[in-house]
$ cat work-v4.cif   # mmCIF, C-alpha atoms and all ligand atoms
data_final
loop_
_atom_site.label_atom_id
_atom_site.label_comp_id
_atom_site.auth_asym_id
_atom_site.auth_seq_id
_atom_site.Cartn_x
_atom_site.Cartn_y
_atom_site.Cartn_z
CA MET A 1 1.03 11.83 229.36
CA ALA A 2 3.01 10.21 226.58
CA LYS A 3 3.18 6.45 226.69
CA ARG A 4 6.60 5.23 227.76
CA ASP A 5 8.65 3.02 225.50
CA TYR A 6 8.18 -0.64 226.44
CA TYR A 7 11.92 -1.29 226.57
CA GLU A 8 12.38 1.71 228.79
CA VAL A 9 9.60 0.47 231.08
CA LEU A 10 11.43 -2.82 231.54
CA GLY A 11 14.81 -1.09 231.76
CA LEU A 12 16.19 -2.87 228.71
CA ASP A 13 17.85 -1.91 225.47
CA LYS A 14 16.35 -2.81 222.11
CA ASN A 15 18.55 -5.85 221.62
CA ALA A 16 17.36 -7.63 224.74
CA ASN A 17 16.64 -11.31 224.17
CA ALA A 18 13.68 -13.31 225.41
CA SER A 19 15.26 -14.44 228.65
CA GLU A 20 16.47 -10.92 229.48
CA ILE A 21 12.96 -9.61 228.87
CA LYS A 22 11.52 -12.25 231.13
CA ARG A 23 14.05 -11.60 233.86
CA ALA A 24 13.45 -7.84 233.75
CA TYR A 25 9.71 -8.27 234.02
CA ARG A 26 10.02 -10.71 236.90
CA LYS A 27 12.14 -8.22 238.79
CA LEU A 28 9.66 -5.37 238.29
CA ALA A 29 6.66 -7.55 239.03
CA MET A 30 8.22 -8.60 242.31
CA LYS A 31 8.92 -4.98 243.15
CA PHE A 32 5.59 -3.45 242.23
CA HIS A 33 3.32 -6.36 243.01
CA PRO A 34 0.29 -5.00 244.87
CA ASP A 35 0.78 -7.56 247.56
CA LYS A 36 3.95 -5.84 248.63
CA ASN A 37 2.83 -2.28 248.25
CA ASN A 38 -0.25 -2.02 250.42
CA ASP A 39 -2.61 -0.58 247.85
CA ASP A 40 -0.15 2.01 246.63
CA LYS A 41 -1.75 3.34 243.44
CA ALA A 42 1.54 4.37 241.86
CA ALA A 43 2.94 0.87 242.35
CA GLU A 44 -0.19 -0.63 240.81
CA GLU A 45 0.24 1.53 237.75
CA LYS A 46 3.89 0.56 237.45
CA PHE A 47 2.95 -3.11 237.77
CA LYS A 48 0.34 -2.76 235.06
CA GLU A 49 2.67 -0.80 232.79
CA ALA A 50 5.38 -3.45 233.14
CA SER A 51 2.86 -6.21 232.48
CA GLU A 52 1.70 -4.51 229.29
CA ALA A 53 5.30 -4.11 228.13
CA TYR A 54 5.96 -7.76 228.86
CA GLU A 55 2.78 -8.89 227.10
CA VAL A 56 4.00 -7.19 223.91
CA LEU A 57 7.72 -7.94 224.06
CA SER A 58 7.29 -11.60 224.98
CA ASP A 59 5.16 -12.24 221.89
CA ASP A 60 7.22 -12.50 218.68
CA ASN A 61 4.42 -11.17 216.54
CA LYS A 62 3.56 -8.19 218.71
CA LYS A 63 7.21 -7.47 219.39
CA GLN A 64 7.96 -7.31 215.67
CA ARG A 65 5.06 -4.93 215.13
CA TYR A 66 6.14 -2.78 218.04
CA ASP A 67 9.79 -2.75 216.95
CA GLN A 68 8.76 -1.56 213.52
CA PHE A 69 5.97 0.89 214.27
CA GLY A 70 6.21 1.73 217.96
CA HIS A 71 3.03 2.31 219.93
CA ALA A 72 1.19 3.15 216.70
CA GLY A 73 1.67 -0.48 215.65
CA MET A 74 -0.12 -1.67 218.77
CA GLU A 75 -3.26 0.39 218.25
CA GLY A 76 -6.29 -1.81 218.83
CA ALA A 77 -4.14 -4.77 219.90
CA PHE A 78 -5.83 -4.79 223.30
CA GLY A 79 -9.30 -3.63 222.33
CA GLY A 80 -10.67 -0.11 222.37
CA SER A 81 -9.84 0.82 225.92
CA GLY A 82 -6.23 -0.30 225.82
CA PHE A 83 -4.38 -2.90 227.85
CA GLY A 84 -6.35 -4.49 230.67
CA TRP A 85 -5.60 -7.44 232.89
CA ASP A 86 -7.72 -9.73 230.78
CA ASN A 87 -5.19 -9.11 227.99
CA PHE A 88 -2.41 -10.45 230.15
CA THR A 89 -1.73 -14.03 229.14
CA HIS A 90 1.32 -14.84 231.23
CA ALA A 91 -0.06 -14.98 234.75
CA SER A 92 0.48 -18.72 234.94
CA ASP A 93 4.14 -18.32 233.85
CA PHE A 94 4.78 -16.37 237.03
CA SER A 95 2.56 -18.14 239.50
CA ASP A 96 5.25 -17.80 242.15
CA ILE A 97 4.84 -14.03 241.86
CA PHE A 98 1.10 -13.91 241.49
CA GLY A 99 0.22 -16.76 243.80
CA SER A 100 -1.68 -19.76 242.56
CA GLY A 101 -5.37 -19.21 242.15
CA GLY A 102 -5.27 -15.76 243.67
CA LEU A 103 -4.67 -13.97 240.41
CA GLY A 104 -8.27 -13.39 239.44
CA SER A 105 -9.24 -11.90 242.75
CA ILE A 106 -6.15 -9.69 242.91
CA PHE A 107 -6.80 -8.24 239.50
CA GLU A 108 -10.52 -7.91 240.06
CA GLY A 109 -9.88 -6.13 243.30
CA LEU A 110 -7.34 -3.79 241.76
CA PHE A 111 -8.92 -2.77 238.56
CA GLY A 112 -12.59 -3.54 238.97
CA ALA A 113 -14.74 -5.90 237.03
CA GLY A 114 -15.58 -5.32 233.40
CA PHE A 115 -12.22 -3.92 232.37
CA GLY A 116 -10.46 -4.44 229.12
CA GLY A 117 -11.43 -4.99 225.56
CA GLY A 118 -13.91 -6.97 223.55
CA ARG A 119 -13.95 -10.45 225.00
CA SER A 120 -16.03 -11.10 228.04
CA ARG A 121 -14.09 -12.27 230.99
CA ARG A 122 -15.58 -14.65 233.53
CA ARG A 123 -16.26 -12.96 236.82
CA SER A 124 -16.02 -14.78 240.09
CA ASN A 125 -19.72 -14.43 240.83
CA GLN A 126 -20.86 -15.31 237.34
CA GLY A 127 -23.03 -18.41 236.97
CA GLU A 128 -22.08 -21.42 234.88
CA ASP A 129 -22.32 -21.51 231.10
CA LEU A 130 -24.79 -24.08 229.82
CA GLN A 131 -24.30 -26.18 226.72
CA ILE A 132 -27.06 -27.51 224.54
CA SER A 133 -26.99 -29.11 221.15
CA LEU A 134 -29.40 -28.34 218.42
CA SER A 135 -30.02 -30.71 215.57
CA LEU A 136 -30.89 -29.03 212.28
CA THR A 137 -31.98 -30.39 208.92
CA LEU A 138 -30.27 -29.19 205.75
CA GLU A 139 -33.52 -27.44 204.81
CA GLU A 140 -33.37 -25.45 208.06
CA ILE A 141 -29.71 -24.67 207.50
CA ALA A 142 -30.42 -23.50 203.95
CA LYS A 143 -32.92 -20.88 205.09
CA GLY A 144 -31.78 -20.04 208.58
CA ILE A 145 -34.31 -20.48 211.35
CA SER A 146 -35.55 -19.22 214.69
CA LYS A 147 -36.13 -21.87 217.32
CA LYS A 148 -37.60 -21.83 220.77
CA ILE A 149 -36.09 -24.23 223.24
CA LYS A 150 -37.10 -25.12 226.78
CA ILE A 151 -34.19 -25.39 229.15
CA ASN A 152 -33.69 -25.56 232.90
CA VAL A 153 -31.49 -22.77 234.21
CA GLN A 154 -30.51 -21.55 237.63
CA ASP A 155 -32.36 -18.32 238.30
CA THR A 156 -33.03 -16.02 241.25
CA CYS A 157 -34.65 -17.80 244.18
CA ASP A 158 -38.19 -16.44 244.63
CA THR A 159 -38.25 -17.04 248.35
CA CYS A 160 -35.27 -14.90 249.27
CA ASN A 161 -35.05 -12.79 246.12
CA GLY A 162 -31.56 -14.04 245.54
CA SER A 163 -30.04 -12.94 248.82
CA GLY A 164 -29.79 -16.51 250.13
CA SER A 165 -30.87 -15.30 253.54
CA GLN A 166 -34.13 -16.00 255.37
CA ASP A 167 -34.25 -12.62 257.04
CA ASP A 168 -31.72 -10.59 255.05
CA SER A 169 -29.30 -10.66 257.96
CA VAL A 170 -25.71 -11.13 256.92
CA GLU A 171 -22.60 -10.98 259.01
CA THR A 172 -19.22 -9.72 257.95
CA CYS A 173 -16.82 -12.64 257.69
CA SER A 174 -14.62 -12.68 260.76
CA GLN A 175 -11.64 -14.31 259.08
CA CYS A 176 -11.20 -11.78 256.25
CA HIS A 177 -13.13 -8.88 257.78
CA GLY A 178 -15.23 -8.55 254.70
CA SER A 179 -12.49 -8.31 252.08
CA GLY A 180 -12.99 -11.88 250.84
CA GLN A 181 -9.24 -12.33 250.68
CA VAL A 182 -6.65 -13.53 253.10
CA ARG A 183 -2.89 -13.29 252.92
CA GLN A 184 -0.99 -16.51 252.86
CA LEU A 185 2.71 -17.23 253.27
CA THR A 186 4.12 -19.52 250.62
CA ARG A 187 7.60 -20.74 249.91
CA SER A 188 9.02 -20.09 246.49
CA LEU A 189 12.31 -19.86 244.66
CA PHE A 190 12.70 -16.40 246.11
CA GLY A 191 12.15 -17.47 249.68
CA GLN A 192 8.99 -16.88 251.67
CA MET A 193 6.39 -14.80 249.92
CA GLN A 194 3.04 -13.41 250.77
CA THR A 195 0.22 -14.13 248.37
CA ILE A 196 -3.42 -13.25 248.48
CA VAL A 197 -5.91 -16.08 248.26
CA GLU A 198 -9.68 -16.34 248.44
CA CYS A 199 -10.91 -16.47 252.03
CA PRO A 200 -11.82 -20.08 252.83
CA SER A 201 -14.51 -19.16 255.40
CA CYS A 202 -16.71 -17.06 253.13
CA ARG A 203 -15.32 -18.28 249.79
CA GLY A 204 -14.34 -14.80 248.83
CA GLU A 205 -17.67 -13.14 249.46
CA GLY A 206 -16.67 -11.27 252.58
CA LYS A 207 -19.96 -12.05 254.32
CA ILE A 208 -21.65 -15.01 255.89
CA ILE A 209 -25.37 -15.64 255.92
CA LYS A 210 -26.70 -16.37 259.40
CA ASN A 211 -30.14 -17.79 258.62
CA ARG A 212 -30.08 -19.44 255.25
CA CYS A 213 -33.11 -19.39 252.99
CA PRO A 214 -34.77 -22.80 253.43
CA LYS A 215 -35.62 -23.12 249.77
CA CYS A 216 -32.22 -22.49 248.15
CA ARG A 217 -30.12 -23.28 251.26
CA GLY A 218 -28.34 -19.96 250.95
CA ASP A 219 -27.43 -20.15 247.25
CA GLY A 220 -29.95 -17.48 246.30
CA ARG A 221 -30.88 -19.38 243.19
CA GLY A 222 -32.89 -22.35 242.02
CA LYS A 223 -33.71 -24.29 238.85
CA LYS A 224 -36.38 -22.83 236.60
CA ALA A 225 -37.71 -23.84 233.21
CA LYS A 226 -37.09 -21.12 230.69
CA THR A 227 -37.90 -20.81 227.02
CA ILE A 228 -35.13 -19.30 224.99
CA SER A 229 -35.25 -18.09 221.41
CA ILE A 230 -32.35 -18.89 219.17
CA LYS A 231 -31.86 -17.32 215.79
CA ILE A 232 -29.69 -19.46 213.57
CA PRO A 233 -28.24 -17.81 210.48
CA ALA A 234 -28.38 -19.68 207.18
CA GLY A 235 -25.35 -21.74 206.23
CA VAL A 236 -24.15 -22.89 209.66
CA SER A 237 -22.45 -26.25 209.89
CA GLU A 238 -21.87 -29.10 212.30
CA GLY A 239 -19.48 -28.22 215.11
CA GLN A 240 -20.14 -24.48 215.08
CA TYR A 241 -21.77 -22.91 218.09
CA ILE A 242 -23.77 -19.85 218.90
CA ARG A 243 -23.23 -18.03 222.19
CA LEU A 244 -26.27 -16.56 223.88
CA ARG A 245 -24.81 -14.06 226.26
CA SER A 246 -26.14 -13.87 229.82
CA GLN A 247 -28.81 -16.52 229.28
CA GLY A 248 -27.13 -19.26 231.33
CA ASN A 249 -27.12 -19.91 235.07
CA ILE A 250 -27.24 -16.93 237.38
CA GLY A 251 -24.39 -16.74 239.89
CA LYS A 252 -25.00 -17.41 243.54
CA ARG A 253 -26.58 -14.67 245.66
CA GLY A 254 -27.23 -12.06 243.03
CA GLY A 255 -24.36 -12.92 240.71
CA GLU A 256 -24.38 -12.45 236.98
CA HIS A 257 -25.67 -14.84 234.38
CA GLY A 258 -23.37 -17.17 232.47
CA ASP A 259 -23.93 -17.85 228.78
CA ILE A 260 -25.64 -20.59 226.83
CA LEU A 261 -23.61 -22.27 224.12
CA VAL A 262 -25.72 -23.78 221.38
CA HIS A 263 -23.80 -26.43 219.48
CA ILE A 264 -24.99 -27.03 215.95
CA GLN A 265 -25.52 -30.56 214.79
CA GLU A 266 -26.58 -31.53 211.34
CA SER A 267 -29.03 -34.37 210.86
CA GLU A 268 -28.33 -36.69 207.98
CA HIS A 269 -30.30 -36.00 204.85
CA LYS A 270 -32.04 -38.71 202.86
CA ILE A 271 -31.04 -37.34 199.48
CA PHE A 272 -28.25 -34.83 199.82
CA GLU A 273 -24.74 -35.12 201.04
CA ARG A 274 -23.08 -31.90 202.14
CA GLN A 275 -19.57 -30.78 201.35
CA ASP A 276 -19.04 -27.31 202.82
CA ALA A 277 -21.58 -25.22 200.94
CA ASP A 278 -21.95 -27.71 198.07
CA LEU A 279 -24.52 -30.48 197.92
CA ILE A 280 -24.18 -33.81 196.18
CA CYS A 281 -27.13 -35.91 195.04
CA GLU A 282 -27.14 -39.22 193.22
CA PHE A 283 -29.92 -39.54 190.69
CA PRO A 284 -31.10 -42.58 188.67
CA ILE A 285 -31.81 -42.41 184.93
CA SER A 286 -32.81 -45.12 182.50
CA PHE A 287 -30.86 -46.63 179.60
CA SER A 288 -33.05 -44.88 177.08
CA GLN A 289 -32.82 -41.51 178.87
CA ALA A 290 -29.05 -41.82 178.93
CA ALA A 291 -28.83 -42.85 175.26
CA MET A 292 -31.35 -40.45 173.76
CA GLY A 293 -31.03 -37.51 176.14
CA THR A 294 -33.92 -35.96 178.01
CA GLU A 295 -34.93 -33.32 180.52
CA ILE A 296 -35.40 -34.45 184.10
CA GLN A 297 -36.58 -32.79 187.31
CA VAL A 298 -34.03 -32.96 190.09
CA PRO A 299 -34.57 -32.13 193.76
CA THR A 300 -33.05 -29.09 195.46
CA LEU A 301 -33.36 -28.07 199.12
CA THR A 302 -36.12 -25.65 198.19
CA GLY A 303 -38.01 -27.60 195.51
CA LYS A 304 -37.21 -28.94 192.08
CA VAL A 305 -35.35 -27.68 189.04
CA LYS A 306 -35.18 -28.89 185.45
CA MET A 307 -31.93 -30.37 184.23
CA LYS A 308 -30.95 -31.45 180.71
CA ILE A 309 -29.45 -34.88 180.17
CA PRO A 310 -27.59 -34.81 176.86
CA ALA A 311 -27.77 -37.81 174.52
CA GLY A 312 -25.00 -40.31 175.19
CA THR A 313 -24.66 -39.60 178.91
CA GLN A 314 -22.56 -42.17 180.73
CA SER A 315 -23.32 -43.53 184.17
CA SER A 316 -21.60 -41.62 187.02
CA LYS A 317 -21.47 -38.42 185.00
CA VAL A 318 -21.69 -35.39 187.32
CA PHE A 319 -23.67 -32.28 186.42
CA ARG A 320 -23.22 -29.01 188.25
CA LEU A 321 -26.17 -26.76 189.04
CA ARG A 322 -24.71 -23.44 190.04
CA SER A 323 -25.79 -21.73 193.27
CA GLN A 324 -28.29 -24.45 194.18
CA GLY A 325 -26.24 -25.45 197.20
CA LEU A 326 -26.19 -23.94 200.69
CA PRO A 327 -25.52 -20.29 201.45
CA HIS A 328 -22.33 -19.33 203.21
CA VAL A 329 -22.87 -17.83 206.66
CA ASN A 330 -23.30 -14.05 206.46
CA SER A 331 -22.73 -13.93 202.73
CA SER A 332 -24.90 -13.92 199.64
CA TYR A 333 -22.69 -16.51 197.99
CA HIS A 334 -24.19 -19.98 197.53
CA GLY A 335 -22.51 -23.30 196.93
CA ASP A 336 -23.44 -25.55 194.01
CA LEU A 337 -25.52 -28.68 193.63
CA PHE A 338 -23.84 -31.64 191.97
CA ILE A 339 -26.07 -34.27 190.40
CA LYS A 340 -24.37 -37.59 189.80
CA VAL A 341 -26.48 -39.68 187.44
CA HIS A 342 -26.64 -43.43 187.60
CA VAL A 343 -27.79 -45.36 184.57
CA ILE A 344 -29.96 -48.13 185.92
CA THR A 345 -29.79 -51.54 184.29
CA PRO A 346 -33.32 -52.94 184.16
CA THR A 347 -33.81 -56.18 186.04
CA ARG A 348 -37.22 -57.78 185.49
CA LEU A 349 -37.94 -57.52 181.76
CA ASN A 350 -41.32 -58.42 180.28
CA SER A 351 -41.46 -60.26 176.97
CA GLU A 352 -41.93 -57.11 174.92
CA GLU A 353 -38.90 -55.51 176.53
CA LYS A 354 -36.91 -58.67 176.01
CA ASP A 355 -37.79 -58.56 172.29
CA LEU A 356 -36.68 -54.95 172.04
CA PHE A 357 -33.40 -55.54 173.84
CA ASP A 358 -32.84 -58.55 171.62
CA LYS A 359 -33.27 -56.38 168.55
CA LEU A 360 -30.99 -53.73 170.05
CA SER A 361 -28.31 -56.25 170.82
CA LYS A 362 -27.88 -56.86 167.08
CA PHE A 363 -26.44 -53.38 166.89
CA ASP A 364 -23.92 -53.99 169.68
CA SER A 365 -20.45 -53.65 168.35
CA GLU A 366 -17.06 -52.93 169.72
CA LYS A 367 -17.33 -49.34 168.60
CA LYS A 368 -20.60 -48.67 170.39
CA LEU A 369 -19.45 -50.28 173.60
CA ASN A 370 -16.36 -48.15 173.56
CA PRO A 371 -17.02 -44.61 174.64
CA GLU A 372 -13.48 -44.06 175.84
CA LYS A 373 -11.02 -45.58 173.41
CA SER A 374 -8.09 -45.60 175.77
CA PHE A 375 -9.99 -47.57 178.36
CA PHE A 376 -11.12 -50.15 175.81
CA SER A 377 -7.70 -50.65 174.35
CA LYS A 378 -6.30 -51.19 177.83
CA LEU A 379 -9.00 -53.76 178.45
CA LYS A 380 -8.18 -55.56 175.21
CA LYS A 381 -4.50 -55.71 176.08
CA PHE A 382 -5.47 -57.22 179.39
CA PHE A 383 -7.17 -60.16 177.68
CA VAL A 384 -4.56 -60.78 175.03
ZN ZN B 401 -33.65 -18.58 248.56
ZN ZN B 402 -14.02 -14.30 254.60
#

$ encode --input "work-v4.cif" --output "structure tokens"
Amino acid sequence: MAKRDYYEVLGLDKNANASEIKRAYRKLAMKFHPDKNNDDKAAEEKFKEASEAYEVLSDDNKKQRYDQFGHAGMEGAFGGSGFGWDNFTHASDFSDIFGSGGLGSIFEGLFGAGFGGGRSRRRSNQGEDLQISLSLTLEEIAKGISKKIKINVQDTCDTCNGSGSQDDSVETCSQCHGSGQVRQLTRSLFGQMQTIVECPSCRGEGKIIKNRCPKCRGDGRGKKAKTISIKIPAGVSEGQYIRLRSQGNIGKRGGEHGDILVHIQESEHKIFERQDADLICEFPISFSQAAMGTEIQVPTLTGKVKMKIPAGTQSSKVFRLRSQGLPHVNSSYHGDLFIKVHVITPTRLNSEEKDLFDKLSKFDSEKKLNPEKSFFSKLKKFFV
């Protein structure tokens, strides 16, 4: 069946403005809302179709694309399998239609779990995500690293195998008759409305455990130490995180696992300062090295490299060593290493050194002390 035009779905012409689009969707949503149509499949489809149209036409960007290219312009906009309820971002704008809090369960019930495109959507029986931070040295970041970490997670209770029951006997919830949902009358702008909310007796599970497992008290889960392996790609930086899917807490009574979020922290380095993928290192050289030029060995994250100091190098001069910095994540490109040299003025001189400096000082002249003429002339003006 050909996909209907979004404007046609909402009963609008192409020049409709934002408030007309919103009003049209509200009207259709009220009409086809599953709450009012007793599981009528055709109404559900209409509701979903209108919601998709609204999702596109209420978003300037998507609307522009759609106006220009039609449905072809929306290809892939909602992931491979097309529009699903997890693509709908306006539920909270219409909470009087959808009922507060009941949205998730309505949509889950209608269209089943696991719908929609790429991003994982939290399910009601999914366990909590866990967050850990991982401190890495620059050396570890340079190479990428695999780490094993011990962490306590909620996992299936061994005593009841996750059922939460001592004897596997469960009763159907008498308040919701097993559906996990109850209808509730609420007042809204449009008068009294029926909304569906999670059943308070069974918390949406539809069943009640008679004899709870003594170990987990009916949760069906308990804390366990677990060792997880984390592979960190080279080039990560502070503030980034890695998501380990389905490694977090298990949901209650046979639910699904949440995720673990590993936050990357960078420990301070003794020698290097990081700027994105570049590294900066301050390096001391002597008077004579600076004056005569030399070759020095400078540190990198993986060892040492030779670097030439040309004769007449001034203090604070910065040298760039290409590609000796950090790699970029998922790329073969490396940053650079910047060596900032500092000419060190000697402090404790022995008598021989004093003699030599004394002899050298006879050669001091305005010209020699003046590597940058403009600076020196400014200085002279200052003293005049
Ligand atoms: Zn148990
Ligand atoms: Zn119930």

$ residues_near_ligand --input "work-v4.cif" --ligand "ligand ZN 401 (chain B)" --cutoff "8 Å" --atoms "all atoms listed in the file" --output "number ranges by chain"
A: 156-166, 212-222

$ atom_distance --input "work-v4.cif" --atom1 "CA of Ala77 in chain A" --atom2 "CA of Lys46 in chain A"
20.0 Å

$ closest_residue --input "work-v4.cif" --among "A:Lys252, A:His71, A:Lys306, A:Arg183" --to "ligand ZN 402 (chain B)" --atoms "all atoms listed in the file"
A:Arg183

$ closest_residue --input "work-v4.cif" --among "A:Ser331, A:Glu171, A:Ala43, A:Tyr54" --to "Gly11 in chain A" --atoms "only C-alpha atoms"
A:Tyr54

$ closest_atom_pairs --input "work-v4.cif" --of "chain A" --to "ligand ZN 402 (chain B)" --cutoff "7 Å" --atoms "only C-alpha atoms and all ligand atoms" --output "Markdown table"
| residue | atom | partner | partner_atom | distance |
| --- | --- | --- | --- | --- |
| A:Cys173 | CA | B:ZN402 | ZN | 4.5 |
| A:Ser174 | CA | B:ZN402 | ZN | 6.4 |
| A:Gln175 | CA | B:ZN402 | ZN | 5.1 |
| A:Cys176 | CA | B:ZN402 | ZN | 4.1 |
| A:His177 | CA | B:ZN402 | ZN | 6.3 |
| A:Gly178 | CA | B:ZN402 | ZN | 5.9 |
| A:Ser179 | CA | B:ZN402 | ZN | 6.7 |
| A:Gly180 | CA | B:ZN402 | ZN | 4.6 |
| A:Gln181 | CA | B:ZN402 | ZN | 6.5 |
| A:Cys199 | CA | B:ZN402 | ZN | 4.6 |
| A:Pro200 | CA | B:ZN402 | ZN | 6.4 |
| A:Ser201 | CA | B:ZN402 | ZN | 4.9 |
| A:Cys202 | CA | B:ZN402 | ZN | 4.1 |
| A:Arg203 | CA | B:ZN402 | ZN | 6.4 |
| A:Gly204 | CA | B:ZN402 | ZN | 5.8 |
| A:Glu205 | CA | B:ZN402 | ZN | 6.4 |
| A:Gly206 | CA | B:ZN402 | ZN | 4.5 |
| A:Lys207 | CA | B:ZN402 | ZN | 6.4 |

$ closest_residue --input "work-v4.cif" --among "A:Ser51, A:Asp5, A:Lys226, A:Leu356" --to "Arg26 in chain A" --atoms "all atoms listed in the file"
A:Ser51

$ residues_near_point --input "work-v4.cif" --point "(-26.1, -33.1, 189.5)" --cutoff "6 Å" --atoms "only C-alpha atoms" --output "list of chain:residue names"
A:Val318, A:Phe319, A:Arg320, A:Phe338, A:Ile339, A:Lys340

$ atom_distance --input "work-v4.cif" --atom1 "CA of Glu256 in chain A" --atom2 "CA of Gln240 in chain A"
25.3 Å

$ decode --input "work-v4.cif" --residues "range 195-201 of chain A" --atoms "all heavy atoms" --output "PDB file, in the first residue's frame"
ATOM      1  N   THR A 195      -7.653   7.514  31.126  1.00  0.00           N
ATOM      2  CA  THR A 195      -6.274   7.209  30.738  1.00  0.00           C
ATOM      3  C   THR A 195      -5.923   5.864  31.352  1.00  0.00           C
ATOM      4  O   THR A 195      -6.552   5.410  32.305  1.00  0.00           O
ATOM      5  CB  THR A 195      -5.284   8.262  31.260  1.00  0.00           C
ATOM      6  OG1 THR A 195      -5.507   8.436  32.655  1.00  0.00           O
ATOM      7  CG2 THR A 195      -5.448   9.582  30.545  1.00  0.00           C
ATOM      8  N   ILE A 196      -4.900   5.264  30.774  1.00  0.00           N
ATOM      9  CA  ILE A 196      -4.437   3.981  31.290  1.00  0.00           C
ATOM     10  C   ILE A 196      -3.184   4.215  32.112  1.00  0.00           C
ATOM     11  O   ILE A 196      -2.263   4.899  31.654  1.00  0.00           O
ATOM     12  CB  ILE A 196      -4.137   3.008  30.123  1.00  0.00           C
ATOM     13  CG1 ILE A 196      -5.457   2.603  29.459  1.00  0.00           C
ATOM     14  CG2 ILE A 196      -3.402   1.773  30.621  1.00  0.00           C
ATOM     15  CD1 ILE A 196      -5.274   1.673  28.290  1.00  0.00           C
ATOM     16  N   VAL A 197      -3.179   3.706  33.319  1.00  0.00           N
ATOM     17  CA  VAL A 197      -1.975   3.835  34.144  1.00  0.00           C
ATOM     18  C   VAL A 197      -1.554   2.451  34.642  1.00  0.00           C
ATOM     19  O   VAL A 197      -2.329   1.490  34.589  1.00  0.00           O
ATOM     20  CB  VAL A 197      -2.197   4.771  35.362  1.00  0.00           C
ATOM     21  CG1 VAL A 197      -2.475   6.194  34.908  1.00  0.00           C
ATOM     22  CG2 VAL A 197      -3.318   4.254  36.242  1.00  0.00           C
ATOM     23  N   GLU A 198      -0.320   2.392  35.112  1.00  0.00           N
ATOM     24  CA  GLU A 198       0.206   1.145  35.651  1.00  0.00           C
ATOM     25  C   GLU A 198      -0.609   0.757  36.882  1.00  0.00           C
ATOM     26  O   GLU A 198      -0.926   1.601  37.717  1.00  0.00           O
ATOM     27  CB  GLU A 198       1.664   1.398  36.041  1.00  0.00           C
ATOM     28  CG  GLU A 198       2.422   0.163  36.456  1.00  0.00           C
ATOM     29  CD  GLU A 198       3.828   0.547  36.920  1.00  0.00           C
ATOM     30  OE1 GLU A 198       3.996   0.859  38.103  1.00  0.00           O
ATOM     31  OE2 GLU A 198       4.734   0.550  36.071  1.00  0.00           O
ATOM     32  N   CYS A 199      -0.923  -0.523  36.984  1.00  0.00           N
ATOM     33  CA  CYS A 199      -1.708  -1.004  38.124  1.00  0.00           C
ATOM     34  C   CYS A 199      -0.912  -0.843  39.418  1.00  0.00           C
ATOM     35  O   CYS A 199       0.210  -1.309  39.510  1.00  0.00           O
ATOM     36  CB  CYS A 199      -2.079  -2.476  37.909  1.00  0.00           C
ATOM     37  SG  CYS A 199      -2.766  -3.251  39.379  1.00  0.00           S
ATOM     38  N   PRO A 200      -1.476  -0.151  40.409  1.00  0.00           N
ATOM     39  CA  PRO A 200      -0.723   0.085  41.644  1.00  0.00           C
ATOM     40  C   PRO A 200      -0.539  -1.180  42.498  1.00  0.00           C
ATOM     41  O   PRO A 200       0.426  -1.277  43.249  1.00  0.00           O
ATOM     42  CB  PRO A 200      -1.562   1.139  42.382  1.00  0.00           C
ATOM     43  CG  PRO A 200      -2.941   0.983  41.830  1.00  0.00           C
ATOM     44  CD  PRO A 200      -2.790   0.495  40.420  1.00  0.00           C
ATOM     45  N   SER A 201      -1.410  -2.153  42.375  1.00  0.00           N
ATOM     46  CA  SER A 201      -1.312  -3.359  43.215  1.00  0.00           C
ATOM     47  C   SER A 201      -0.128  -4.226  42.815  1.00  0.00           C
ATOM     48  O   SER A 201       0.609  -4.710  43.661  1.00  0.00           O
ATOM     49  CB  SER A 201      -2.582  -4.203  43.105  1.00  0.00           C
ATOM     50  OG  SER A 201      -3.666  -3.493  43.607  1.00  0.00           O
TER      51      SER A 201
END
